[in-house]
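Listing of run06.cif; format and content: mmCIF, C-alpha atoms and all ligand atoms.
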data_entry
#
loop_
_atom_site.label_atom_id
_atom_site.label_comp_id
_atom_site.auth_asym_id
_atom_site.auth_seq_id
_atom_site.Cartn_x
_atom_site.Cartn_y
_atom_site.Cartn_z
CA MET A 245 8.52 30.80 11.66
CA LEU A 246 11.68 28.69 11.62
CA ARG A 247 9.78 25.94 9.82
CA ASN A 248 8.63 28.36 7.12
CA ALA A 249 12.13 29.84 6.76
CA LEU A 250 13.61 26.37 6.27
CA LEU A 251 10.88 25.42 3.80
CA ALA A 252 11.56 28.65 1.85
CA ALA A 253 15.28 27.79 1.91
CA ALA A 254 14.38 24.37 0.49
CA ARG A 255 13.40 26.21 -2.71
CA SER A 256 16.30 28.70 -2.76
CA THR A 257 19.17 28.02 -5.14
CA ALA A 258 21.45 30.41 -3.21
CA VAL A 259 21.00 28.54 0.11
CA ARG A 260 21.24 25.26 -1.76
CA GLY A 261 24.68 26.27 -3.06
CA LEU A 262 25.87 27.12 0.47
CA VAL A 263 24.58 23.92 2.06
CA GLU A 264 25.81 21.64 -0.73
CA ALA A 265 29.24 23.28 -0.86
CA ASN A 266 29.93 22.67 2.83
CA PRO A 267 32.04 19.50 3.06
CA LEU A 268 30.64 18.73 6.52
CA THR A 269 27.03 18.64 5.40
CA GLY A 270 27.52 15.00 4.41
CA ALA A 271 27.43 13.56 7.92
CA ALA A 272 24.09 15.23 8.68
CA VAL A 273 22.60 14.17 5.34
CA ARG A 274 23.63 10.54 5.86
CA ARG A 275 21.30 10.31 8.86
CA PHE A 276 18.31 10.66 6.51
CA VAL A 277 19.61 9.49 3.11
CA ALA A 278 20.80 5.92 2.50
CA GLY A 279 23.38 6.73 -0.19
CA THR A 280 23.64 7.84 -3.78
CA GLY A 281 23.16 4.74 -5.95
CA ALA A 282 20.76 1.83 -6.46
CA ALA A 283 23.23 -0.49 -4.70
CA ASP A 284 23.09 1.70 -1.55
CA ALA A 285 19.28 1.59 -1.61
CA VAL A 286 19.16 -2.18 -2.04
CA ARG A 287 21.71 -2.61 0.78
CA ALA A 288 19.53 -0.49 3.08
CA ALA A 289 16.42 -2.51 2.16
CA ASP A 290 18.30 -5.73 2.90
CA GLU A 291 19.52 -4.46 6.28
CA LEU A 292 16.01 -3.34 7.22
CA ARG A 293 14.59 -6.72 6.18
CA GLY A 294 17.07 -8.27 8.62
CA LEU A 295 15.41 -6.17 11.34
CA GLY A 296 11.92 -7.35 10.39
CA LEU A 297 11.05 -4.13 8.50
CA THR A 298 9.71 -3.58 4.99
CA THR A 299 10.80 -0.68 2.79
CA THR A 300 9.75 1.85 0.18
CA LEU A 301 12.55 3.35 -1.93
CA ASP A 302 12.53 6.95 -3.13
CA HIS A 303 14.99 7.97 -5.84
CA LEU A 304 15.58 11.59 -4.80
CA GLY A 305 14.73 14.38 -7.21
CA GLU A 306 11.81 16.71 -7.85
CA GLN A 307 10.62 19.35 -10.28
CA VAL A 308 12.69 18.22 -13.26
CA ALA A 309 13.15 20.92 -15.90
CA ASP A 310 13.06 18.85 -19.08
CA ALA A 311 11.91 15.57 -20.59
CA ARG A 312 15.47 14.20 -20.61
CA GLN A 313 15.74 14.48 -16.81
CA ALA A 314 12.29 12.91 -16.45
CA ALA A 315 13.44 9.96 -18.59
CA ALA A 316 16.56 9.66 -16.40
CA THR A 317 14.31 9.31 -13.34
CA VAL A 318 12.41 6.48 -15.04
CA ALA A 319 15.73 4.78 -15.87
CA ALA A 320 16.84 5.09 -12.23
CA TYR A 321 13.62 3.41 -11.02
CA ARG A 322 14.00 0.63 -13.63
CA GLU A 323 17.54 0.05 -12.39
CA VAL A 324 16.60 -0.17 -8.73
CA LEU A 325 13.53 -2.35 -9.40
CA HIS A 326 15.67 -4.78 -11.40
CA ALA A 327 18.25 -4.84 -8.59
CA LEU A 328 15.51 -5.48 -5.99
CA ALA A 329 14.17 -8.43 -7.97
CA GLU A 330 17.70 -9.85 -8.38
CA ALA A 331 18.31 -9.53 -4.64
CA GLY A 332 15.01 -11.26 -3.80
CA LEU A 333 13.75 -8.12 -2.04
CA ALA A 334 10.75 -7.20 -4.21
CA GLY A 335 8.36 -8.98 -1.83
CA CYS A 336 9.18 -6.56 0.98
CA THR A 337 10.13 -3.42 -0.94
CA GLU A 338 8.04 -1.06 -3.06
CA VAL A 339 9.01 2.30 -4.60
CA SER A 340 7.75 5.85 -3.99
CA VAL A 341 7.65 8.30 -6.89
CA LYS A 342 7.29 12.08 -7.02
CA LEU A 343 5.37 12.98 -10.17
CA SER A 344 7.31 16.25 -10.50
CA ALA A 345 10.44 14.09 -10.93
CA VAL A 346 8.90 12.44 -13.98
CA GLY A 347 7.64 15.60 -15.70
CA GLN A 348 4.45 16.86 -13.98
CA PHE A 349 5.66 20.50 -14.01
CA LEU A 350 6.93 20.59 -17.61
CA PRO A 351 5.31 23.55 -19.40
CA VAL A 352 4.22 21.48 -22.40
CA ASP A 353 2.31 18.22 -21.85
CA GLY A 354 3.60 17.96 -18.27
CA GLU A 355 0.71 15.91 -16.94
CA LYS A 356 0.71 13.52 -19.90
CA THR A 357 4.49 13.06 -19.62
CA ALA A 358 4.16 12.34 -15.90
CA LEU A 359 1.37 9.81 -16.52
CA ASP A 360 3.33 8.01 -19.28
CA ASN A 361 6.50 7.92 -17.18
CA ALA A 362 4.68 6.82 -14.02
CA ARG A 363 3.04 4.07 -16.08
CA ALA A 364 6.47 2.90 -17.25
CA ILE A 365 7.62 2.71 -13.61
CA CYS A 366 4.45 0.81 -12.64
CA GLU A 367 5.14 -1.70 -15.43
CA ALA A 368 8.71 -2.18 -14.20
CA ALA A 369 7.46 -2.57 -10.62
CA SER A 370 4.85 -5.09 -11.66
CA ALA A 371 7.47 -7.09 -13.62
CA ALA A 372 9.70 -7.07 -10.53
CA GLY A 373 6.84 -8.27 -8.33
CA THR A 374 6.09 -5.10 -6.41
CA THR A 375 4.22 -1.81 -6.66
CA VAL A 376 4.40 2.00 -6.53
CA THR A 377 3.12 4.74 -4.21
CA LEU A 378 2.82 8.30 -5.54
CA ASP A 379 4.27 10.89 -3.16
CA MET A 380 2.29 14.12 -2.68
CA GLU A 381 3.93 17.51 -3.22
CA ASP A 382 2.47 20.98 -2.61
CA HIS A 383 -1.29 21.59 -2.82
CA THR A 384 -1.17 22.88 -6.41
CA THR A 385 -0.41 19.29 -7.50
CA THR A 386 -3.06 17.40 -5.49
CA ASP A 387 -5.79 17.23 -8.15
CA SER A 388 -3.32 16.31 -10.86
CA THR A 389 -1.68 13.61 -8.72
CA LEU A 390 -4.99 12.04 -7.67
CA GLY A 391 -6.14 12.17 -11.32
CA ILE A 392 -3.00 10.31 -12.42
CA LEU A 393 -3.54 7.82 -9.57
CA ARG A 394 -7.05 7.11 -10.90
CA ASP A 395 -5.70 6.49 -14.41
CA LEU A 396 -2.89 4.23 -13.20
CA ARG A 397 -5.17 2.17 -10.96
CA VAL A 398 -7.22 1.02 -13.98
CA ASP A 399 -4.28 -1.21 -14.98
CA PHE A 400 -2.38 -1.29 -11.65
CA PRO A 401 -4.94 -1.36 -8.83
CA GLN A 402 -2.20 -1.75 -6.20
CA VAL A 403 -0.70 1.67 -6.94
CA GLY A 404 -1.20 3.94 -3.93
CA ALA A 405 -0.96 7.63 -3.12
CA VAL A 406 -0.02 9.91 -0.26
CA VAL A 407 -2.51 12.36 1.25
CA GLN A 408 -1.67 15.16 3.68
CA ALA A 409 -3.77 15.72 6.81
CA TYR A 410 -2.89 19.44 6.92
CA LEU A 411 -5.02 20.14 3.82
CA HIS A 412 -8.70 20.98 4.42
CA ARG A 413 -9.73 18.77 1.52
CA THR A 414 -8.02 15.59 2.70
CA GLU A 415 -10.77 14.11 4.89
CA GLN A 416 -13.03 14.00 1.84
CA ASP A 417 -10.19 12.63 -0.33
CA CYS A 418 -9.72 9.87 2.26
CA ARG A 419 -13.42 8.97 2.13
CA ASP A 420 -13.32 8.80 -1.68
CA LEU A 421 -10.10 6.80 -1.83
CA ALA A 422 -11.19 4.44 0.95
CA ALA A 423 -14.49 3.76 -0.83
CA GLY A 424 -12.52 2.92 -3.98
CA GLY A 425 -10.33 0.39 -2.15
CA ALA A 426 -7.08 2.31 -2.64
CA ARG A 427 -3.78 1.99 -0.81
CA VAL A 428 -3.42 5.34 0.98
CA ARG A 429 -0.40 6.68 2.86
CA LEU A 430 -1.61 9.28 5.34
CA CYS A 431 0.98 11.84 6.49
CA LYS A 432 0.71 15.27 8.15
CA GLY A 433 2.28 17.17 5.22
CA ALA A 434 5.73 18.68 4.76
CA TYR A 435 5.31 21.85 2.65
CA ALA A 436 4.58 25.50 3.57
CA GLU A 437 0.89 25.89 2.68
CA PRO A 438 -1.40 28.95 2.98
CA ALA A 439 -4.30 29.18 5.45
CA ALA A 440 -6.75 29.17 2.55
CA VAL A 441 -6.04 25.48 1.93
CA ALA A 442 -4.33 24.11 5.04
CA PHE A 443 -4.67 23.97 8.83
CA GLN A 444 -1.96 26.15 10.35
CA HIS A 445 -1.79 24.80 13.90
CA ARG A 446 -0.34 21.51 15.01
CA ALA A 447 -3.44 20.54 17.06
CA ALA A 448 -5.76 21.15 14.10
CA VAL A 449 -3.53 19.06 11.83
CA ASP A 450 -3.52 16.25 14.40
CA ARG A 451 -7.34 16.35 14.71
CA SER A 452 -7.62 16.20 10.93
CA TYR A 453 -5.19 13.25 10.93
CA VAL A 454 -7.51 11.35 13.29
CA ARG A 455 -10.60 12.12 11.14
CA CYS A 456 -8.71 10.90 8.07
CA LEU A 457 -7.63 7.74 9.93
CA ARG A 458 -11.27 7.01 10.81
CA ALA A 459 -12.25 7.33 7.14
CA LEU A 460 -9.42 5.09 5.96
CA MET A 461 -9.81 2.41 8.63
CA GLY A 462 -13.56 2.29 8.02
CA GLY A 463 -13.18 1.88 4.23
CA THR A 464 -12.25 -0.99 1.94
CA GLY A 465 -8.71 0.12 1.06
CA TYR A 466 -5.33 -0.37 2.70
CA PRO A 467 -4.33 2.39 5.17
CA MET A 468 -0.64 3.23 5.52
CA VAL A 469 -0.14 5.23 8.71
CA ALA A 470 2.87 7.46 7.98
CA THR A 471 3.81 9.28 11.17
CA HIS A 472 6.38 9.26 13.97
CA ASP A 473 3.90 10.82 16.40
CA PRO A 474 3.41 8.42 19.36
CA ARG A 475 -0.13 9.64 20.07
CA LEU A 476 -1.29 9.13 16.48
CA ILE A 477 0.42 5.74 16.29
CA ALA A 478 -1.54 4.64 19.38
CA ILE A 479 -4.83 6.03 18.00
CA ALA A 480 -4.27 4.29 14.65
CA GLY A 481 -3.76 0.98 16.49
CA GLU A 482 -7.03 1.41 18.38
CA LEU A 483 -9.00 2.41 15.28
CA ALA A 484 -7.58 -0.54 13.33
CA GLU A 485 -8.60 -2.92 16.09
CA ARG A 486 -12.11 -1.45 16.24
CA ALA A 487 -12.39 -1.80 12.45
CA GLY A 488 -11.38 -5.46 12.72
CA ARG A 489 -8.13 -4.92 10.85
CA GLY A 490 -5.39 -7.39 11.79
CA PRO A 491 -1.64 -7.02 11.09
CA ASP A 492 -2.27 -7.56 7.34
CA GLY A 493 -5.01 -4.92 7.23
CA PHE A 494 -2.86 -1.81 7.60
CA GLU A 495 0.73 -0.76 8.18
CA TYR A 496 2.83 1.84 9.97
CA GLN A 497 5.39 3.83 8.02
CA MET A 498 8.29 6.03 9.12
CA LEU A 499 11.24 7.76 7.50
CA TYR A 500 14.73 6.28 7.40
CA GLY A 501 16.75 7.63 10.31
CA ILE A 502 13.77 8.81 12.38
CA ARG A 503 12.70 6.89 15.51
CA PRO A 504 14.41 3.62 14.43
CA ASP A 505 13.80 2.10 17.89
CA GLU A 506 10.06 2.68 17.53
CA GLN A 507 10.14 1.09 14.07
CA ARG A 508 11.66 -2.07 15.55
CA ARG A 509 9.39 -2.01 18.62
CA LEU A 510 6.23 -1.97 16.48
CA ALA A 511 7.58 -4.72 14.20
CA ALA A 512 8.45 -6.87 17.24
CA ARG A 513 4.82 -6.52 18.37
CA GLY A 514 3.69 -8.09 15.09
CA HIS A 515 2.83 -4.95 13.12
CA ARG A 516 3.87 -4.42 9.52
CA VAL A 517 6.27 -1.45 9.47
CA ARG A 518 7.63 0.13 6.29
CA VAL A 519 10.61 2.46 6.24
CA TYR A 520 10.78 5.18 3.58
CA VAL A 521 14.36 5.09 2.30
CA ALA A 522 15.53 8.01 0.18
CA TYR A 523 18.67 7.71 -1.93
CA GLY A 524 20.35 9.63 -4.76
CA ASP A 525 22.31 12.83 -5.38
CA GLU A 526 19.35 15.24 -5.30
CA TRP A 527 18.98 15.20 -1.51
CA TYR A 528 18.72 18.95 -0.89
CA GLY A 529 14.91 19.54 -0.84
CA TYR A 530 14.27 16.30 1.07
CA PHE A 531 16.95 17.11 3.65
CA MET A 532 15.66 20.65 4.23
CA ARG A 533 12.11 19.35 4.82
CA ARG A 534 13.50 16.98 7.48
CA LEU A 535 15.23 19.92 9.19
CA ALA A 536 12.00 21.94 9.04
CA GLU A 537 10.08 19.19 10.82
CA ARG A 538 12.22 19.38 13.93
CA PRO A 539 14.26 22.40 15.06
CA ALA A 540 16.52 20.04 17.06
CA ASN A 541 17.71 18.60 13.74
CA LEU A 542 18.84 22.06 12.68
CA GLY A 543 20.87 22.35 15.91
CA PHE A 544 22.40 18.92 15.23
CA PHE A 545 23.25 19.98 11.67
CA LEU A 546 24.75 23.35 12.68
CA ARG A 547 26.76 21.77 15.50
CA SER A 548 28.20 19.18 13.12
CA VAL A 549 29.22 21.97 10.71
CA LEU A 550 30.53 24.47 13.28
CA THR A 551 32.37 22.25 15.75
CA ARG A 552 34.71 20.53 13.30
P1 LIG B 601 5.54 15.39 13.95
O1 LIG B 601 6.28 16.28 13.00
O2 LIG B 601 4.58 16.00 14.89
O3 LIG B 601 6.59 14.55 14.74
C1 LIG B 601 6.25 13.67 15.80
C2 LIG B 601 7.56 13.19 16.44
O4 LIG B 601 8.30 12.44 15.50
C3 LIG B 601 8.49 14.33 16.84
O5 LIG B 601 8.19 14.81 18.13
C4 LIG B 601 9.83 13.65 16.76
O6 LIG B 601 10.05 12.85 17.89
C5 LIG B 601 9.69 12.75 15.58
N1 LIG B 601 10.09 13.41 14.32
C6 LIG B 601 9.29 13.86 13.33
N2 LIG B 601 10.00 14.37 12.30
C7 LIG B 601 11.29 14.25 12.66
C8 LIG B 601 12.51 14.59 12.02
N3 LIG B 601 12.55 15.15 10.82
N4 LIG B 601 13.65 14.31 12.68
C9 LIG B 601 13.64 13.74 13.90
N5 LIG B 601 12.51 13.40 14.55
C10 LIG B 601 11.36 13.63 13.95
N6 LIG B 601 5.03 14.62 3.40
C11 LIG B 601 4.49 15.15 2.28
O7 LIG B 601 4.11 16.33 2.26
N7 LIG B 601 4.36 14.37 1.15
C12 LIG B 601 4.73 13.07 1.13
O8 LIG B 601 4.61 12.40 0.08
C13 LIG B 601 5.28 12.50 2.32
N8 LIG B 601 5.65 11.18 2.36
C14 LIG B 601 5.97 10.62 3.58
C15 LIG B 601 6.16 9.24 3.69
C16 LIG B 601 6.40 8.67 4.93
C17 LIG B 601 6.55 7.19 5.02
C18 LIG B 601 6.47 9.49 6.09
C19 LIG B 601 6.70 8.89 7.45
C20 LIG B 601 6.33 10.85 5.98
C21 LIG B 601 6.09 11.44 4.74
N9 LIG B 601 5.94 12.82 4.62
C22 LIG B 601 5.44 13.32 3.44
C23 LIG B 601 6.39 13.73 5.73
C24 LIG B 601 5.25 14.08 6.66
O9 LIG B 601 4.33 14.91 6.02
C25 LIG B 601 5.76 14.81 7.91
O10 LIG B 601 6.39 16.00 7.55
C26 LIG B 601 6.71 14.00 8.76
O11 LIG B 601 6.35 12.65 8.80
C27 LIG B 601 6.75 14.52 10.22
O12 LIG B 601 5.47 14.44 10.77
P2 LIG B 601 5.03 13.40 11.92
O13 LIG B 601 3.73 12.81 11.51
O14 LIG B 601 6.10 12.43 12.15
O15 LIG B 601 4.71 14.29 13.18
#

Represent the structure of the file as structure tokens.
Amino acid sequence: MLRNALLAAARSTAVRGLVEANPLTGAAVRRFVAGTGAADAVRAADELRGLGLTTTLDHLGEQVADARQAAATVAAYREVLHALAEAGLAGCTEVSVKLSAVGQFLPVDGEKTALDNARAICEAASAAGTTVTLDMEDHTTTDSTLGILRDLRVDFPQVGAVVQAYLHRTEQDCRDLAAGGARVRLCKGAYAEPAAVAFQHRAAVDRSYVRCLRALMGGTGYPMVATHDPRLIAIAGELAERAGRGPDGFEYQMLYGIRPDEQRRLAARGHRVRVYVAYGDEWYGYFMRRLAERPANLGFFLRSVLTR
């Protein structure tokens, strides 16, 4: 219930105003968000490289309302990709893009705008020496996002996508994507979804995650195991070994600020570990989804606001 309330608040402009206006929110947000500008993101990627970790950068923002904002998102990605190349970090840093931030929801030609803008970001990434992964938003966008992935992969085969184990459809999506040799980031899923399309109980989501892992590890693509769940991390390791995948054959991924010790432990054991680093001013929706994932984070946030 608390999860659903927080996810509803993530879409509420009234709650957004309250949270953003509180001057003490900043400290809690900084745990999950690396900063506001490209320089902050590049600094975080450099620090993580020093710890033996690779990175994916997400310029925060979603559901832009007009083509001008969508173009601003593209400009922000061009800026950070240029900065990454200059800093010599493109070899260990890719970028993650939400299609709704580049126009997917625009009422006129939204999908075409998103495809054109995503293509422009892929071109900039390719010029910088790296690639792009498409984030996945709520289930109404899944077909559109996977369709855009297919189009982009004709020219940029290294472009990847996220799939969400909580959706009933995802096991089949994993089989299809794995057969096509795609890079696939498997996560549990962070949105409030109805029972008609998504598993509602944690155990069912975890079982689906394992079925999806089997499909990905058994295919010809590159699995990206995006979870902080110790049990699933262990299962992924076993399945990778059984599939004959060495350290270059898959990677673990976690969010910036979550289980940093585990990130370093896995890297020290020779695994490739990528940290998802979000940066930018539009942190509200991302921050609320992190609170929804773990009630303890809400307590931490409220304590930091109330006890000062
Ligand atoms: P689970 O929520 O069961 O957590 C397992 C353990 O991890 C917890 O017991 C706790 O120790 C720790 N933990 C998890 N979340 C925490 C938090 N917020 N704060 C502190 N500790 C926490 N989702 C989506 O819908 N679309 C997307 O595109 C992406 N992209 C994405 C990229 C990457 C790299 C990651 C790691 C995750 C995503 N997600 C996502 C988010 C994902 O769907 C999911 O909500 C979170 O990863 C939390 O799920 P876990 O698999 O970690 O398990």

- Task: Would you mind listing what lies within 12 Å of Arg446 of chain A as a PyMOL selection string, with only C-alpha atoms counted and same-chain residues fewer than 3 positions away left out?
- Result: chain A and resi 409-410+432-433+442-443+449-453+473+537

Per residue of chain A within 7 Å of ligand LIG 601 (chain B), record the nearest atom pair and its distance in Å to one decimal, counting all atoms listed in the file, with rows in chain order and ascending residue number, as a tab-separated table.
residue	atom	partner	partner_atom	distance
A:Asp379	CA	B:LIG601	O8	3.6
A:Met380	CA	B:LIG601	O8	4.0
A:Glu381	CA	B:LIG601	N7	5.4
A:Asp382	CA	B:LIG601	O7	6.9
A:Val406	CA	B:LIG601	O8	5.3
A:Gln408	CA	B:LIG601	O7	6.1
A:Cys431	CA	B:LIG601	O9	4.6
A:Lys432	CA	B:LIG601	O9	4.2
A:Gly433	CA	B:LIG601	O9	3.2
A:Ala434	CA	B:LIG601	O7	3.8
A:Tyr435	CA	B:LIG601	O7	5.7
A:Ala470	CA	B:LIG601	C19	4.1
A:Thr471	CA	B:LIG601	O13	3.5
A:His472	CA	B:LIG601	O14	3.7
A:Asp473	CA	B:LIG601	C1	3.7
A:Pro474	CA	B:LIG601	C1	6.9
A:Gln497	CA	B:LIG601	C17	4.7
A:Met498	CA	B:LIG601	C19	3.7
A:Leu499	CA	B:LIG601	C19	4.7
A:Ile502	CA	B:LIG601	C9	5.2
A:Arg503	CA	B:LIG601	N5	6.6
A:Val519	CA	B:LIG601	C17	6.4
A:Tyr520	CA	B:LIG601	C17	4.9
A:Arg534	CA	B:LIG601	N3	3.9
A:Leu535	CA	B:LIG601	N3	5.7
A:Glu537	CA	B:LIG601	N3	4.7
A:Arg538	CA	B:LIG601	C8	5.2
A:Asn541	CA	B:LIG601	N4	6.0

Enumerate, in order of chain and increasing residue number, the residues of segment 393-448 of chain A with an atom no farther than 12 Å from segment 454-460 of chain A, each with its shortest atom pair and distance in Å to one decimal, counting only C-alpha atoms, as JSON lines.
{"residue": "A:Val407", "atom": "CA", "partner": "A:Cys456", "partner_atom": "CA", "distance": 9.3}
{"residue": "A:Gln408", "atom": "CA", "partner": "A:Cys456", "partner_atom": "CA", "distance": 9.3}
{"residue": "A:Ala409", "atom": "CA", "partner": "A:Cys456", "partner_atom": "CA", "distance": 7.0}
{"residue": "A:Tyr410", "atom": "CA", "partner": "A:Cys456", "partner_atom": "CA", "distance": 10.4}
{"residue": "A:Leu411", "atom": "CA", "partner": "A:Cys456", "partner_atom": "CA", "distance": 10.8}
{"residue": "A:His412", "atom": "CA", "partner": "A:Cys456", "partner_atom": "CA", "distance": 10.7}
{"residue": "A:Arg413", "atom": "CA", "partner": "A:Cys456", "partner_atom": "CA", "distance": 10.3}
{"residue": "A:Thr414", "atom": "CA", "partner": "A:Cys456", "partner_atom": "CA", "distance": 7.2}
{"residue": "A:Glu415", "atom": "CA", "partner": "A:Cys456", "partner_atom": "CA", "distance": 5.0}
{"residue": "A:Gln416", "atom": "CA", "partner": "A:Cys456", "partner_atom": "CA", "distance": 8.2}
{"residue": "A:Asp417", "atom": "CA", "partner": "A:Cys456", "partner_atom": "CA", "distance": 8.7}
{"residue": "A:Cys418", "atom": "CA", "partner": "A:Cys456", "partner_atom": "CA", "distance": 6.0}
{"residue": "A:Arg419", "atom": "CA", "partner": "A:Ala459", "partner_atom": "CA", "distance": 5.4}
{"residue": "A:Asp420", "atom": "CA", "partner": "A:Ala459", "partner_atom": "CA", "distance": 9.0}
{"residue": "A:Leu421", "atom": "CA", "partner": "A:Leu460", "partner_atom": "CA", "distance": 8.0}
{"residue": "A:Ala422", "atom": "CA", "partner": "A:Leu460", "partner_atom": "CA", "distance": 5.4}
{"residue": "A:Ala423", "atom": "CA", "partner": "A:Leu460", "partner_atom": "CA", "distance": 8.6}
{"residue": "A:Gly424", "atom": "CA", "partner": "A:Leu460", "partner_atom": "CA", "distance": 10.6}
{"residue": "A:Gly425", "atom": "CA", "partner": "A:Leu460", "partner_atom": "CA", "distance": 9.4}
{"residue": "A:Ala426", "atom": "CA", "partner": "A:Leu460", "partner_atom": "CA", "distance": 9.3}
{"residue": "A:Arg427", "atom": "CA", "partner": "A:Leu460", "partner_atom": "CA", "distance": 9.3}
{"residue": "A:Val428", "atom": "CA", "partner": "A:Leu460", "partner_atom": "CA", "distance": 7.8}
{"residue": "A:Arg429", "atom": "CA", "partner": "A:Leu460", "partner_atom": "CA", "distance": 9.7}
{"residue": "A:Leu430", "atom": "CA", "partner": "A:Leu457", "partner_atom": "CA", "distance": 7.7}
{"residue": "A:Cys431", "atom": "CA", "partner": "A:Cys456", "partner_atom": "CA", "distance": 9.9}
{"residue": "A:Lys432", "atom": "CA", "partner": "A:Cys456", "partner_atom": "CA", "distance": 10.4}
{"residue": "A:Ala447", "atom": "CA", "partner": "A:Val454", "partner_atom": "CA", "distance": 10.7}
{"residue": "A:Ala448", "atom": "CA", "partner": "A:Val454", "partner_atom": "CA", "distance": 10.0}

- Message: Using all atoms listed in the file for the distances, tell me which of A:Ser344, A:Thr374, A:Gln307, A:Thr384 is nearest to Glu437 of chain A.
- Response: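 Selected residue with least distance to Glu437 of chain A: A:Thr384.
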
Listed atoms of segment 389-396 of chain A boxed axis-aligned with 5 Å per side, centre + edges as JSON:
{"center_x": -4.4, "center_y": 8.9, "center_z": -11.0, "size_x": 15.4, "size_y": 19.4, "size_z": 16.7}

- Query: Which protein, DNA or RNA residues have an atom at most 9 Å from (14.6, 23.1, 6.4), counting all atoms listed in the file? List them as an MDAnalysis selection string.
  - Reply: chainID A and resid 246:254 529:539 542

- Query: Which neighbours of segment 258-275 of chain A fall inside 8 Å, counting all atoms listed in the file, when residues of the same chain fewer than 2 positions from it are skipped, and could you give them as a PyMOL selection string?
  - Reply: chain A and resi 253-256+277-279+500-501+527-528+531+544-545+548-549

Can I get the residues of segment 285-314 of chain A within 12 Å of segment 324-330 of chain A, each with the closest pair of atoms and their distance in Å to one decimal, using all atoms listed in the file, sorted chain first then ascending number, as JSON lines?
{"residue": "A:Ala285", "atom": "CA", "partner": "A:Val324", "partner_atom": "CA", "distance": 7.8}
{"residue": "A:Val286", "atom": "CA", "partner": "A:Leu328", "partner_atom": "CA", "distance": 6.3}
{"residue": "A:Arg287", "atom": "CA", "partner": "A:Leu328", "partner_atom": "CA", "distance": 9.6}
{"residue": "A:Ala288", "atom": "CA", "partner": "A:Leu328", "partner_atom": "CA", "distance": 11.1}
{"residue": "A:Ala289", "atom": "CA", "partner": "A:Leu328", "partner_atom": "CA", "distance": 8.7}
{"residue": "A:Asp290", "atom": "CA", "partner": "A:Leu328", "partner_atom": "CA", "distance": 9.3}
{"residue": "A:Thr299", "atom": "CA", "partner": "A:Leu328", "partner_atom": "CA", "distance": 11.1}
{"residue": "A:Thr300", "atom": "CA", "partner": "A:Leu325", "partner_atom": "CA", "distance": 11.1}
{"residue": "A:Leu301", "atom": "CA", "partner": "A:Val324", "partner_atom": "CA", "distance": 8.7}
{"residue": "A:Asp302", "atom": "CA", "partner": "A:Val324", "partner_atom": "CA", "distance": 9.9}
{"residue": "A:His303", "atom": "CA", "partner": "A:Val324", "partner_atom": "CA", "distance": 8.8}

- Query: Separation of atom CA of Pro351 of chain A and atom CA of Asp387 of chain A, in Å?
  - Reply: 17.0 Å

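Nearest residue to Ala440 of chain A, choosing from A:Glu291, A:Leu396, A:His383, A:Ala320 and counting only C-alpha atoms: A:His383.
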
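Pairwise distance (atom CA of Thr317 of chain A, atom CA of Lys356 of chain A) equals 15.7 Å.
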
- Message: Show me, as a ChimeraX atom specification, the residues that have an atom within 12 Å of Asp360 of chain A when counting all atoms listed in the file, minus same-chain residues fewer than 3 positions from it.
- Response: /A:311,314-315,318,343,346-348,353-357,363-367,392-393,395-396

With C-alpha atoms retained, write the just-selected residues as a PDB file, keeping the file's coordinate frame.
ATOM      1  CA  ALA A 311      11.910  15.570 -20.590  1.00  0.00           C
ATOM      2  CA  ALA A 314      12.290  12.910 -16.450  1.00  0.00           C
ATOM      3  CA  ALA A 315      13.440   9.960 -18.590  1.00  0.00           C
ATOM      4  CA  VAL A 318      12.410   6.480 -15.040  1.00  0.00           C
ATOM      5  CA  LEU A 343       5.370  12.980 -10.170  1.00  0.00           C
ATOM      6  CA  VAL A 346       8.900  12.440 -13.980  1.00  0.00           C
ATOM      7  CA  GLY A 347       7.640  15.600 -15.700  1.00  0.00           C
ATOM      8  CA  GLN A 348       4.450  16.860 -13.980  1.00  0.00           C
ATOM      9  CA  ASP A 353       2.310  18.220 -21.850  1.00  0.00           C
ATOM     10  CA  GLY A 354       3.600  17.960 -18.270  1.00  0.00           C
ATOM     11  CA  GLU A 355       0.710  15.910 -16.940  1.00  0.00           C
ATOM     12  CA  LYS A 356       0.710  13.520 -19.900  1.00  0.00           C
ATOM     13  CA  THR A 357       4.490  13.060 -19.620  1.00  0.00           C
ATOM     14  CA  ARG A 363       3.040   4.070 -16.080  1.00  0.00           C
ATOM     15  CA  ALA A 364       6.470   2.900 -17.250  1.00  0.00           C
ATOM     16  CA  ILE A 365       7.620   2.710 -13.610  1.00  0.00           C
ATOM     17  CA  CYS A 366       4.450   0.810 -12.640  1.00  0.00           C
ATOM     18  CA  GLU A 367       5.140  -1.700 -15.430  1.00  0.00           C
ATOM     19  CA  ILE A 392      -3.000  10.310 -12.420  1.00  0.00           C
ATOM     20  CA  LEU A 393      -3.540   7.820  -9.570  1.00  0.00           C
ATOM     21  CA  ASP A 395      -5.700   6.490 -14.410  1.00  0.00           C
ATOM     22  CA  LEU A 396      -2.890   4.230 -13.200  1.00  0.00           C
TER      23      LEU A 396
END

- Task: Please measure the separation of atom CA of Ala405 of chain A and atom CA of Leu483 of chain A, giving the value in Å to one decimal.
- Result: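 Atom-to-atom, atom CA of Ala405 of chain A and atom CA of Leu483 of chain A are spaced 20.7 Å apart.
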
- Note on the structure: Counting only C-alpha atoms, the residue among A:Val469, A:Ala511, A:Met461, A:Val376 that lies closest to Glu485 of chain A is A:Met461
